[in-house]
$ cat upload-v8.txt   # compact mmCIF, C-alpha atoms and all ligand atoms
# COMPACT_ATOMS: atom_id res chain seq x y z
CA MET A 1 83.84 110.69 76.79
CA ILE A 2 81.04 108.20 76.25
CA ILE A 3 79.84 107.11 72.83
CA LEU A 4 76.05 107.11 72.54
CA ASP A 5 75.68 103.79 70.80
CA GLY A 6 72.71 103.73 68.44
CA LYS A 7 73.14 100.00 67.88
CA ILE A 8 72.62 99.15 71.54
CA VAL A 9 69.74 101.56 72.17
CA ALA A 10 67.95 100.81 68.88
CA ALA A 11 68.25 97.06 69.57
CA SER A 12 66.61 97.51 72.97
CA VAL A 13 63.85 99.69 71.48
CA LYS A 14 63.20 97.10 68.78
CA GLU A 15 63.17 94.23 71.28
CA SER A 16 60.61 96.05 73.38
CA VAL A 17 58.38 96.84 70.37
CA LYS A 18 58.71 93.26 69.16
CA ALA A 19 57.51 91.92 72.51
CA LYS A 20 54.57 94.36 72.59
CA ALA A 21 53.66 93.49 68.99
CA ALA A 22 53.66 89.77 69.82
CA LEU A 23 51.17 90.48 72.60
CA LEU A 24 48.98 92.54 70.26
CA ILE A 25 49.00 89.75 67.70
CA ARG A 26 48.17 87.13 70.33
CA GLU A 27 45.46 89.04 72.15
CA HIS A 28 43.88 91.07 69.36
CA LYS A 29 44.87 89.20 66.17
CA LYS A 30 46.34 92.49 65.00
CA THR A 31 49.72 92.67 63.28
CA PRO A 32 51.07 96.24 62.99
CA HIS A 33 51.32 97.07 59.30
CA LEU A 34 53.46 99.81 57.76
CA ALA A 35 52.91 100.95 54.17
CA ALA A 36 55.92 102.72 52.66
CA ILE A 37 55.86 104.71 49.44
CA LEU A 38 59.10 105.15 47.53
CA ILE A 39 59.37 107.33 44.46
CA GLY A 40 62.27 107.11 42.04
CA THR A 41 65.64 105.44 42.57
CA ASN A 42 67.54 107.81 44.88
CA GLY A 43 70.24 105.60 46.45
CA ALA A 44 69.91 106.98 49.99
CA SER A 45 66.09 106.76 49.93
CA GLU A 46 66.30 103.17 48.63
CA THR A 47 68.57 102.26 51.56
CA TYR A 48 66.37 103.98 54.16
CA VAL A 49 63.19 102.32 52.92
CA ALA A 50 64.87 98.90 52.59
CA ASN A 51 66.03 99.19 56.23
CA LYS A 52 62.56 100.15 57.39
CA VAL A 53 60.98 97.19 55.58
CA LYS A 54 63.68 94.84 56.91
CA THR A 55 63.14 96.06 60.48
CA CYS A 56 59.39 95.46 60.14
CA GLU A 57 60.16 91.83 59.24
CA GLU A 58 62.60 91.46 62.14
CA ILE A 59 60.10 92.58 64.74
CA GLY A 60 57.05 90.78 63.37
CA PHE A 61 55.29 93.70 61.64
CA LYS A 62 53.75 93.52 58.19
CA SER A 63 55.01 95.93 55.58
CA THR A 64 53.97 96.91 52.09
CA LEU A 65 56.33 98.74 49.79
CA LEU A 66 54.73 100.72 46.98
CA ARG A 67 57.19 101.93 44.38
CA PHE A 68 56.58 104.64 41.82
CA ASP A 69 58.54 105.92 38.90
CA GLU A 70 60.33 109.30 39.27
CA ASN A 71 57.76 110.79 36.84
CA VAL A 72 54.68 109.60 38.71
CA LYS A 73 51.73 111.97 38.50
CA GLU A 74 51.01 113.80 41.73
CA GLN A 75 47.33 112.82 41.56
CA LEU A 76 48.16 109.11 41.38
CA LEU A 77 50.27 109.46 44.48
CA LEU A 78 47.54 111.34 46.36
CA ASP A 79 44.93 108.76 45.29
CA THR A 80 47.20 105.96 46.52
CA ILE A 81 47.55 107.64 49.91
CA LYS A 82 43.77 108.10 50.10
CA LYS A 83 43.28 104.36 49.47
CA LEU A 84 45.78 103.51 52.20
CA ASN A 85 44.00 105.96 54.53
CA VAL A 86 40.82 103.87 54.39
CA ASP A 87 42.51 100.46 54.21
CA ASP A 88 41.75 98.79 57.54
CA GLU A 89 44.73 96.51 57.11
CA VAL A 90 47.20 99.41 57.11
CA ASP A 91 48.16 101.14 60.36
CA GLY A 92 50.98 103.46 59.34
CA ILE A 93 51.78 105.30 56.10
CA LEU A 94 55.12 106.82 55.24
CA VAL A 95 56.17 108.57 52.08
CA GLN A 96 59.94 108.63 51.78
CA LEU A 97 61.28 112.16 51.31
CA PRO A 98 62.61 113.97 49.37
CA LEU A 99 60.03 113.93 46.58
CA PRO A 100 60.62 114.78 42.92
CA LYS A 101 60.27 118.52 42.27
CA HIS A 102 56.91 118.26 40.45
CA ILE A 103 55.22 116.78 43.53
CA SER A 104 54.07 119.01 46.38
CA GLU A 105 55.47 117.73 49.66
CA GLU A 106 52.84 119.76 51.49
CA LYS A 107 49.95 118.16 49.58
CA VAL A 108 51.37 114.67 50.10
CA ILE A 109 51.87 115.12 53.84
CA ASN A 110 48.47 116.77 54.30
CA THR A 111 46.75 113.88 52.49
CA ILE A 112 47.95 111.27 55.00
CA ASN A 113 45.30 110.43 57.60
CA PRO A 114 46.70 111.84 60.87
CA SER A 115 45.81 108.58 62.63
CA LYS A 116 48.27 106.79 60.29
CA ASP A 117 50.89 109.57 60.17
CA VAL A 118 53.74 107.52 61.65
CA ASP A 119 56.36 109.97 60.36
CA GLY A 120 54.65 112.68 62.43
CA PHE A 121 54.91 115.31 59.67
CA HIS A 122 51.18 116.13 59.30
CA PRO A 123 50.26 119.62 60.62
CA SER A 124 47.86 117.96 63.06
CA SER A 125 50.70 115.83 64.51
CA ILE A 126 53.05 118.83 64.73
CA GLY A 127 50.31 120.98 66.29
CA LYS A 128 49.73 118.37 69.00
CA LEU A 129 53.47 118.07 69.55
CA VAL A 130 53.72 121.82 70.13
CA GLN A 131 50.91 121.60 72.68
CA GLY A 132 52.52 118.62 74.42
CA LEU A 133 49.58 116.33 73.53
CA PRO A 134 50.04 112.63 72.70
CA THR A 135 50.83 112.27 69.01
CA PHE A 136 53.21 110.71 66.52
CA ILE A 137 56.59 112.38 67.01
CA PRO A 138 58.85 112.75 63.96
CA ALA A 139 61.10 109.69 64.11
CA THR A 140 64.55 111.31 64.18
CA PRO A 141 63.93 113.75 67.06
CA TYR A 142 61.94 111.01 68.83
CA GLY A 143 64.88 108.63 68.45
CA ILE A 144 67.22 111.26 69.91
CA MET A 145 64.94 111.71 72.92
CA LEU A 146 64.91 107.92 73.45
CA MET A 147 68.69 107.93 73.31
CA LEU A 148 69.01 110.76 75.87
CA LYS A 149 66.61 108.85 78.10
CA HIS A 150 68.47 105.55 77.74
CA TYR A 151 71.77 107.13 78.78
CA LYS A 152 70.01 109.14 81.55
CA ILE A 153 71.51 112.37 80.25
CA ASP A 154 70.50 115.26 82.47
CA THR A 155 68.69 117.85 80.39
CA VAL A 156 66.82 119.87 83.02
CA GLY A 157 67.76 123.56 82.86
CA LYS A 158 70.53 122.85 80.35
CA HIS A 159 71.16 125.06 77.36
CA ALA A 160 70.50 123.08 74.18
CA VAL A 161 71.49 124.45 70.80
CA VAL A 162 69.81 122.90 67.76
CA ILE A 163 71.49 123.68 64.44
CA GLY A 164 68.93 123.35 61.64
CA ARG A 165 65.25 124.31 61.53
CA SER A 166 63.74 121.76 59.16
CA ASN A 167 60.23 120.49 59.82
CA ILE A 168 61.46 116.93 60.10
CA VAL A 169 64.45 117.34 62.41
CA GLY A 170 65.52 120.73 63.79
CA ARG A 171 62.19 122.33 64.60
CA PRO A 172 60.51 119.32 66.27
CA MET A 173 63.79 118.65 68.10
CA SER A 174 63.74 122.16 69.55
CA ILE A 175 60.13 121.67 70.68
CA LEU A 176 60.83 118.33 72.37
CA LEU A 177 63.89 119.62 74.20
CA SER A 178 61.97 122.62 75.52
CA GLN A 179 58.97 120.62 76.77
CA ASN A 180 58.21 120.14 80.44
CA THR A 181 59.26 116.48 80.25
CA ASN A 182 62.20 114.27 81.03
CA PRO A 183 64.27 114.41 78.89
CA GLY A 184 63.30 117.98 78.04
CA ASN A 185 63.13 121.12 80.16
CA CYS A 186 66.08 122.67 78.36
CA THR A 187 66.54 126.30 77.44
CA VAL A 188 66.66 125.94 73.66
CA THR A 189 68.34 128.06 71.01
CA ILE A 190 67.56 127.15 67.41
CA CYS A 191 70.13 128.19 64.80
CA HIS A 192 69.97 128.13 61.03
CA SER A 193 71.71 129.32 57.89
CA ARG A 194 71.07 133.00 58.74
CA SER A 195 72.17 132.78 62.37
CA LYS A 196 74.97 135.11 63.39
CA ASN A 197 77.69 134.28 65.92
CA LEU A 198 77.00 130.56 65.64
CA THR A 199 80.37 129.67 67.17
CA GLU A 200 79.72 131.83 70.27
CA ILE A 201 76.22 130.39 70.66
CA CYS A 202 77.47 126.80 70.37
CA GLN A 203 80.24 127.51 72.88
CA GLN A 204 77.53 128.21 75.48
CA ALA A 205 75.69 124.94 74.83
CA ASP A 206 75.49 122.03 77.24
CA ILE A 207 73.81 119.99 74.50
CA ILE A 208 74.25 120.50 70.74
CA VAL A 209 72.13 118.81 68.10
CA ALA A 210 73.74 119.28 64.68
CA ALA A 211 71.20 118.75 61.89
CA LEU A 212 72.26 120.80 58.90
CA GLY A 213 73.73 118.36 56.39
CA ILE A 214 77.22 119.87 56.09
CA PRO A 215 79.86 117.20 56.78
CA GLY A 216 82.27 118.05 59.63
CA PHE A 217 80.63 121.47 60.22
CA LEU A 218 80.79 121.43 64.04
CA LYS A 219 84.44 121.91 64.99
CA ALA A 220 86.20 121.44 68.34
CA ASN A 221 86.57 125.22 68.90
CA MET A 222 82.75 125.56 68.71
CA ILE A 223 81.99 123.43 71.75
CA LYS A 224 82.66 123.75 75.42
CA GLU A 225 84.40 121.10 77.48
CA GLY A 226 81.94 118.38 78.58
CA ALA A 227 79.20 119.18 76.04
CA VAL A 228 76.79 116.50 74.82
CA VAL A 229 76.94 116.35 71.02
CA ILE A 230 74.25 114.70 68.89
CA ASP A 231 75.14 114.36 65.23
CA VAL A 232 72.12 113.98 62.96
CA GLY A 233 73.92 114.63 59.67
CA ILE A 234 74.07 111.95 57.03
CA THR A 235 75.90 112.93 53.86
CA ARG A 236 77.32 110.59 51.25
CA VAL A 237 80.86 111.69 50.45
CA ALA A 238 82.81 110.18 47.53
CA ASP A 239 85.32 107.64 48.85
CA ALA A 240 87.33 105.53 46.40
CA THR A 241 88.45 103.19 49.21
CA LYS A 242 84.88 101.97 49.72
CA LYS A 243 83.21 99.33 47.57
CA SER A 244 80.11 101.52 47.38
CA GLY A 245 82.22 104.49 46.24
CA PHE A 246 81.11 106.67 49.14
CA SER A 247 81.28 106.93 52.90
CA ILE A 248 78.72 108.41 55.29
CA LYS A 249 79.73 111.62 57.07
CA GLY A 250 78.03 113.41 59.92
CA ASP A 251 77.83 117.14 60.64
CA VAL A 252 80.43 116.89 63.39
CA ASP A 253 84.20 116.82 63.05
CA PHE A 254 84.10 113.71 65.22
CA GLU A 255 87.82 113.08 65.61
CA ASN A 256 88.53 116.50 67.11
CA VAL A 257 85.19 117.14 68.85
CA ALA A 258 84.84 113.76 70.62
CA PRO A 259 87.75 114.25 73.10
CA LYS A 260 86.07 117.43 74.45
CA CYS A 261 82.61 115.89 74.90
CA SER A 262 80.94 114.11 77.78
CA TYR A 263 78.77 112.18 75.31
CA ILE A 264 78.72 112.03 71.52
CA THR A 265 76.89 110.06 68.82
CA PRO A 266 78.96 108.48 66.04
CA VAL A 267 78.01 108.54 62.34
CA PRO A 268 77.20 105.93 61.27
CA GLY A 269 75.97 103.97 64.29
CA GLY A 270 74.19 106.77 66.15
CA VAL A 271 71.02 108.71 65.40
CA GLY A 272 70.24 106.96 62.09
CA LEU A 273 69.58 103.64 63.84
CA MET A 274 67.41 105.35 66.43
CA THR A 275 65.24 106.87 63.70
CA ILE A 276 64.11 103.43 62.55
CA GLY A 277 63.45 102.28 66.12
CA ALA A 278 61.30 105.35 66.73
CA LEU A 279 59.38 104.77 63.50
CA MET A 280 58.58 101.25 64.67
CA MET A 281 57.32 102.64 67.99
CA ASN A 282 55.03 105.01 66.10
CA THR A 283 53.75 102.20 63.88
CA PHE A 284 53.02 100.07 66.91
CA ALA A 285 51.22 103.01 68.54
CA ALA A 286 49.11 103.45 65.37
CA ALA A 287 48.07 99.77 65.47
CA GLN A 288 47.25 100.03 69.16
CA LEU A 289 45.23 103.19 68.56
CA LYS A 290 43.14 101.37 65.97
CA ILE A 291 42.27 98.63 68.46
CA LYS A 292 41.36 101.18 71.14
CA ASN A 293 39.08 103.01 68.72
P1 LIG A 301 67.38 120.45 55.58
O1 LIG A 301 68.27 120.69 54.40
O2 LIG A 301 65.93 120.39 55.41
O3 LIG A 301 67.70 121.56 56.66
C1 LIG A 301 69.00 121.97 56.94
C2 LIG A 301 68.95 123.07 57.96
O4 LIG A 301 70.28 123.46 58.24
C3 LIG A 301 68.19 124.32 57.50
O5 LIG A 301 67.26 124.68 58.50
C4 LIG A 301 69.27 125.39 57.35
O6 LIG A 301 68.82 126.66 57.77
C5 LIG A 301 70.36 124.87 58.28
N1 LIG A 301 71.68 125.27 57.81
C6 LIG A 301 72.20 125.12 56.57
N2 LIG A 301 73.44 125.65 56.52
C7 LIG A 301 73.70 126.14 57.76
C8 LIG A 301 74.80 126.81 58.32
N3 LIG A 301 75.89 127.09 57.63
N4 LIG A 301 74.73 127.16 59.62
C9 LIG A 301 73.62 126.90 60.36
N5 LIG A 301 72.54 126.26 59.87
C10 LIG A 301 72.59 125.89 58.58
O7 LIG A 301 67.97 119.12 56.25
P2 LIG A 301 67.28 118.06 57.22
O8 LIG A 301 66.29 117.27 56.48
O9 LIG A 301 66.90 118.70 58.51
O10 LIG A 301 68.55 117.12 57.48
C11 LIG A 301 69.73 117.60 58.06
C12 LIG A 301 70.76 116.50 58.04
O11 LIG A 301 70.28 115.41 58.81
C13 LIG A 301 71.06 115.92 56.65
O12 LIG A 301 72.39 115.51 56.60
C14 LIG A 301 70.16 114.70 56.60
O13 LIG A 301 70.63 113.71 55.71
C15 LIG A 301 70.24 114.23 58.01
N6 LIG A 301 69.12 113.42 58.47
C16 LIG A 301 69.44 112.34 59.19
C17 LIG A 301 68.44 111.56 59.70
C18 LIG A 301 68.82 110.38 60.53
O14 LIG A 301 68.02 109.48 60.69
N7 LIG A 301 70.02 110.37 61.11
C19 LIG A 301 67.11 111.86 59.45
C20 LIG A 301 66.80 113.01 58.73
C21 LIG A 301 67.83 113.80 58.25

$ encode --input "upload-v8.txt" --output "structure tokens"
Amino acid sequence: MIILDGKIVAASVKESVKAKAALLIREHKKTPHLAAILIGTNGASETYVANKVKTCEEIGFKSTLLRFDENVKEQLLLDTIKKLNVDDEVDGILVQLPLPKHISEEKVINTINPSKDVDGFHPSSIGKLVQGLPTFIPATPYGIMLMLKHYKIDTVGKHAVVIGRSNIVGRPMSILLSQNTNPGNCTVTICHSRSKNLTEICQQADIIVAALGIPGFLKANMIKEGAVVIDVGITRVADATKKSGFSIKGDVDFENVAPKCSYITPVPGGVGLMTIGALMMNTFAAAQLKIKN
């Protein structure tokens, strides 16, 4: 069993983006610039955004963090996005999800200029992804594809089972794995909360991507010997032994599943780190696109 090490792969992704960014700065006087919008004080969102901003610094990008109160008016948020859309200094815009209930996620995502949609959630980005056209790919599935590529995991003709059908992880993941690319070219089954016979379906999988947000959901009896298991889940579970009061749990019962796998991602230290690397690649691509245009 081989651990798919997010630290190693993300570090190499970041190094490569950093080198490309240095060239862009030198040759075109253009520093990639990510604008992040954070609403409220959700602990997990705070951590994600702080890590994104920190990574920008590490690799020589500019970043701007715009914070809003939990009760921010939807219109103010939309107006802020519109300003960022036309700000020549800004290459990529991300709005950290989830949003407070009174704000429409759909309106927020649709307001982002597709040429700055570095999270890849805009319908235009998703539409291009479905058609296999160049676009911003949602960072978590993109990061997983980079990880499969790094470890040269054979995906051609394999049966991949994706558990979870969200717009940000499960659905784009299923599209990427089914594309005529490498990695890709899998036969994909997408499962969700209404799927029947999930255990039997998972038992047939060569590759399983678990993205449902239920800690320890994927058990050893659900996988076949030699399967590749990608754990996307990140759930904070109360843990009195930790200073923070919680520990991070994935969707896979790692201890019992790992011995049966050929490859597996740990949580933490797996997909989460790749997500940030992929976001940086998208932000770099957005800056490059601006120069080309
Ligand atoms: P979501 O809540 O939007 O979607 C969960 C999906 O799981 C749904 O499609 C639902 O149908 C499915 N599901 C729920 N219960 C199920 C069950 N019993 N059997 C089969 N399917 C079931 O969640 P999301 O935004 O896609 O995130 C999923 C997990 O991934 C969460 O833990 C989240 O924190 C994590 N996540 C991690 C990263 C990362 O960078 N590692 C990024 C995004 C999300």

$ residues_around --input "upload-v8.txt" --residues "Leu273 in chain A" --least-positions-apart "2" --cutoff "9 Å" --atoms "only C-alpha atoms" --output "PyMOL selection string"
chain A and resi 6-7+9-11+143+268-271+275-278

$ write_last_selection --input "upload-v8.txt" --atoms "C-alpha atoms" --output "mmCIF file, in the frame of the given file"
data_model
loop_
_atom_site.group_PDB
_atom_site.id
_atom_site.type_symbol
_atom_site.label_atom_id
_atom_site.label_comp_id
_atom_site.auth_asym_id
_atom_site.auth_seq_id
_atom_site.Cartn_x
_atom_site.Cartn_y
_atom_site.Cartn_z
ATOM 1 C CA GLY A 6 72.710 103.730 68.440
ATOM 2 C CA LYS A 7 73.140 100.000 67.880
ATOM 3 C CA VAL A 9 69.740 101.560 72.170
ATOM 4 C CA ALA A 10 67.950 100.810 68.880
ATOM 5 C CA ALA A 11 68.250 97.060 69.570
ATOM 6 C CA GLY A 143 64.880 108.630 68.450
ATOM 7 C CA PRO A 268 77.200 105.930 61.270
ATOM 8 C CA GLY A 269 75.970 103.970 64.290
ATOM 9 C CA GLY A 270 74.190 106.770 66.150
ATOM 10 C CA VAL A 271 71.020 108.710 65.400
ATOM 11 C CA THR A 275 65.240 106.870 63.700
ATOM 12 C CA ILE A 276 64.110 103.430 62.550
ATOM 13 C CA GLY A 277 63.450 102.280 66.120
ATOM 14 C CA ALA A 278 61.300 105.350 66.730
#

$ residues_near_ligand --input "upload-v8.txt" --ligand "ligand LIG 301 (chain A)" --cutoff "10 Å" --atoms "all atoms listed in the file" --output "VMD selection string"
chain A and resid 44 48 97 to 98 138 to 141 143 to 144 162 to 171 190 to 199 210 to 215 217 to 218 230 to 236 248 to 251 267 to 276 278

$ residues_around --input "upload-v8.txt" --residues "Val228 in chain A" --least-positions-apart "4" --cutoff "6 Å" --atoms "all atoms listed in the file" --output "list in words"
Ile207, Cys261, Ser262, Tyr263 and Ile264 of chain A

$ residues_around --input "upload-v8.txt" --residues "Leu34 in chain A" --least-positions-apart "4" --cutoff "8 Å" --atoms "all atoms listed in the file" --output "NGL selection string"
:A and (56 or 61-64 or 90-94 or 283)

$ write_last_selection --input "upload-v8.txt" --atoms "C-alpha atoms" --output "PDB file, in the coordinates of the input"
ATOM      1  CA  CYS A  56      59.390  95.460  60.140  1.00  0.00           C
ATOM      2  CA  PHE A  61      55.290  93.700  61.640  1.00  0.00           C
ATOM      3  CA  LYS A  62      53.750  93.520  58.190  1.00  0.00           C
ATOM      4  CA  SER A  63      55.010  95.930  55.580  1.00  0.00           C
ATOM      5  CA  THR A  64      53.970  96.910  52.090  1.00  0.00           C
ATOM      6  CA  VAL A  90      47.200  99.410  57.110  1.00  0.00           C
ATOM      7  CA  ASP A  91      48.160 101.140  60.360  1.00  0.00           C
ATOM      8  CA  GLY A  92      50.980 103.460  59.340  1.00  0.00           C
ATOM      9  CA  ILE A  93      51.780 105.300  56.100  1.00  0.00           C
ATOM     10  CA  LEU A  94      55.120 106.820  55.240  1.00  0.00           C
ATOM     11  CA  THR A 283      53.750 102.200  63.880  1.00  0.00           C
TER      12      THR A 283
END

$ residues_around --input "upload-v8.txt" --residues "Ile37 in chain A" --least-positions-apart "6" --cutoff "7 Å" --atoms "all atoms listed in the file" --output "ChimeraX atom specification"
/A:65-67,94-96

$ write_last_selection --input "upload-v8.txt" --atoms "C-alpha atoms" --output "CSV table (one decimal), in the frame of the given file"
chain,number,residue,atom,x,y,z
A,65,LEU,CA,56.3,98.7,49.8
A,66,LEU,CA,54.7,100.7,47.0
A,67,ARG,CA,57.2,101.9,44.4
A,94,LEU,CA,55.1,106.8,55.2
A,95,VAL,CA,56.2,108.6,52.1
A,96,GLN,CA,59.9,108.6,51.8

$ decode --input "upload-v8.txt" --residues "range 201-220 of chain A" --atoms "N, CA and C atoms" --output "PDB file, in the first residue's frame"
ATOM      1  N   ILE A 201     -21.645  -1.718  -5.178  1.00  0.00           N
ATOM      2  CA  ILE A 201     -21.066  -0.881  -6.244  1.00  0.00           C
ATOM      3  C   ILE A 201     -19.601  -0.571  -5.908  1.00  0.00           C
ATOM      4  N   CYS A 202     -19.353  -0.191  -4.664  1.00  0.00           N
ATOM      5  CA  CYS A 202     -17.978   0.147  -4.266  1.00  0.00           C
ATOM      6  C   CYS A 202     -17.063  -1.073  -4.377  1.00  0.00           C
ATOM      7  N   GLN A 203     -17.606  -2.244  -4.088  1.00  0.00           N
ATOM      8  CA  GLN A 203     -16.785  -3.468  -4.156  1.00  0.00           C
ATOM      9  C   GLN A 203     -16.281  -3.744  -5.573  1.00  0.00           C
ATOM     10  N   GLN A 204     -16.962  -3.163  -6.572  1.00  0.00           N
ATOM     11  CA  GLN A 204     -16.539  -3.370  -7.972  1.00  0.00           C
ATOM     12  C   GLN A 204     -15.532  -2.317  -8.434  1.00  0.00           C
ATOM     13  N   ALA A 205     -15.252  -1.337  -7.569  1.00  0.00           N
ATOM     14  CA  ALA A 205     -14.457  -0.186  -8.017  1.00  0.00           C
ATOM     15  C   ALA A 205     -12.964  -0.440  -7.975  1.00  0.00           C
ATOM     16  N   ASP A 206     -12.282   0.024  -9.046  1.00  0.00           N
ATOM     17  CA  ASP A 206     -10.814   0.044  -9.027  1.00  0.00           C
ATOM     18  C   ASP A 206     -10.339   1.316  -8.323  1.00  0.00           C
ATOM     19  N   ILE A 207     -11.140   2.366  -8.482  1.00  0.00           N
ATOM     20  CA  ILE A 207     -10.806   3.664  -7.878  1.00  0.00           C
ATOM     21  C   ILE A 207     -12.057   4.169  -7.164  1.00  0.00           C
ATOM     22  N   ILE A 208     -11.918   4.600  -5.911  1.00  0.00           N
ATOM     23  CA  ILE A 208     -13.071   5.181  -5.200  1.00  0.00           C
ATOM     24  C   ILE A 208     -12.689   6.584  -4.737  1.00  0.00           C
ATOM     25  N   VAL A 209     -13.563   7.539  -5.042  1.00  0.00           N
ATOM     26  CA  VAL A 209     -13.382   8.888  -4.512  1.00  0.00           C
ATOM     27  C   VAL A 209     -14.529   9.119  -3.529  1.00  0.00           C
ATOM     28  N   ALA A 210     -14.199   9.248  -2.258  1.00  0.00           N
ATOM     29  CA  ALA A 210     -15.228   9.429  -1.232  1.00  0.00           C
ATOM     30  C   ALA A 210     -15.340  10.908  -0.897  1.00  0.00           C
ATOM     31  N   ALA A 211     -16.482  11.505  -1.238  1.00  0.00           N
ATOM     32  CA  ALA A 211     -16.676  12.947  -1.033  1.00  0.00           C
ATOM     33  C   ALA A 211     -18.092  13.192  -0.536  1.00  0.00           C
ATOM     34  N   LEU A 212     -18.364  12.708   0.674  1.00  0.00           N
ATOM     35  CA  LEU A 212     -19.729  12.872   1.182  1.00  0.00           C
ATOM     36  C   LEU A 212     -19.797  13.611   2.511  1.00  0.00           C
ATOM     37  N   GLY A 213     -18.689  13.655   3.241  1.00  0.00           N
ATOM     38  CA  GLY A 213     -18.688  14.404   4.494  1.00  0.00           C
ATOM     39  C   GLY A 213     -19.236  13.624   5.675  1.00  0.00           C
ATOM     40  N   ILE A 214     -19.093  12.280   5.622  1.00  0.00           N
ATOM     41  CA  ILE A 214     -19.484  11.450   6.779  1.00  0.00           C
ATOM     42  C   ILE A 214     -18.226  10.711   7.247  1.00  0.00           C
ATOM     43  N   PRO A 215     -17.674  11.119   8.408  1.00  0.00           N
ATOM     44  CA  PRO A 215     -16.401  10.547   8.841  1.00  0.00           C
ATOM     45  C   PRO A 215     -16.433   9.012   8.908  1.00  0.00           C
ATOM     46  N   GLY A 216     -15.389   8.383   8.365  1.00  0.00           N
ATOM     47  CA  GLY A 216     -15.227   6.924   8.441  1.00  0.00           C
ATOM     48  C   GLY A 216     -16.274   6.128   7.693  1.00  0.00           C
ATOM     49  N   PHE A 217     -16.977   6.745   6.737  1.00  0.00           N
ATOM     50  CA  PHE A 217     -18.093   6.086   6.036  1.00  0.00           C
ATOM     51  C   PHE A 217     -17.638   4.856   5.240  1.00  0.00           C
ATOM     52  N   LEU A 218     -16.532   4.997   4.503  1.00  0.00           N
ATOM     53  CA  LEU A 218     -16.085   3.903   3.623  1.00  0.00           C
ATOM     54  C   LEU A 218     -15.308   2.881   4.458  1.00  0.00           C
ATOM     55  N   LYS A 219     -15.924   1.694   4.586  1.00  0.00           N
ATOM     56  CA  LYS A 219     -15.342   0.652   5.442  1.00  0.00           C
ATOM     57  C   LYS A 219     -14.591  -0.382   4.592  1.00  0.00           C
ATOM     58  N   ALA A 220     -13.764  -1.173   5.272  1.00  0.00           N
ATOM     59  CA  ALA A 220     -12.919  -2.158   4.576  1.00  0.00           C
ATOM     60  C   ALA A 220     -13.752  -3.152   3.764  1.00  0.00           C
TER      61      ALA A 220
END
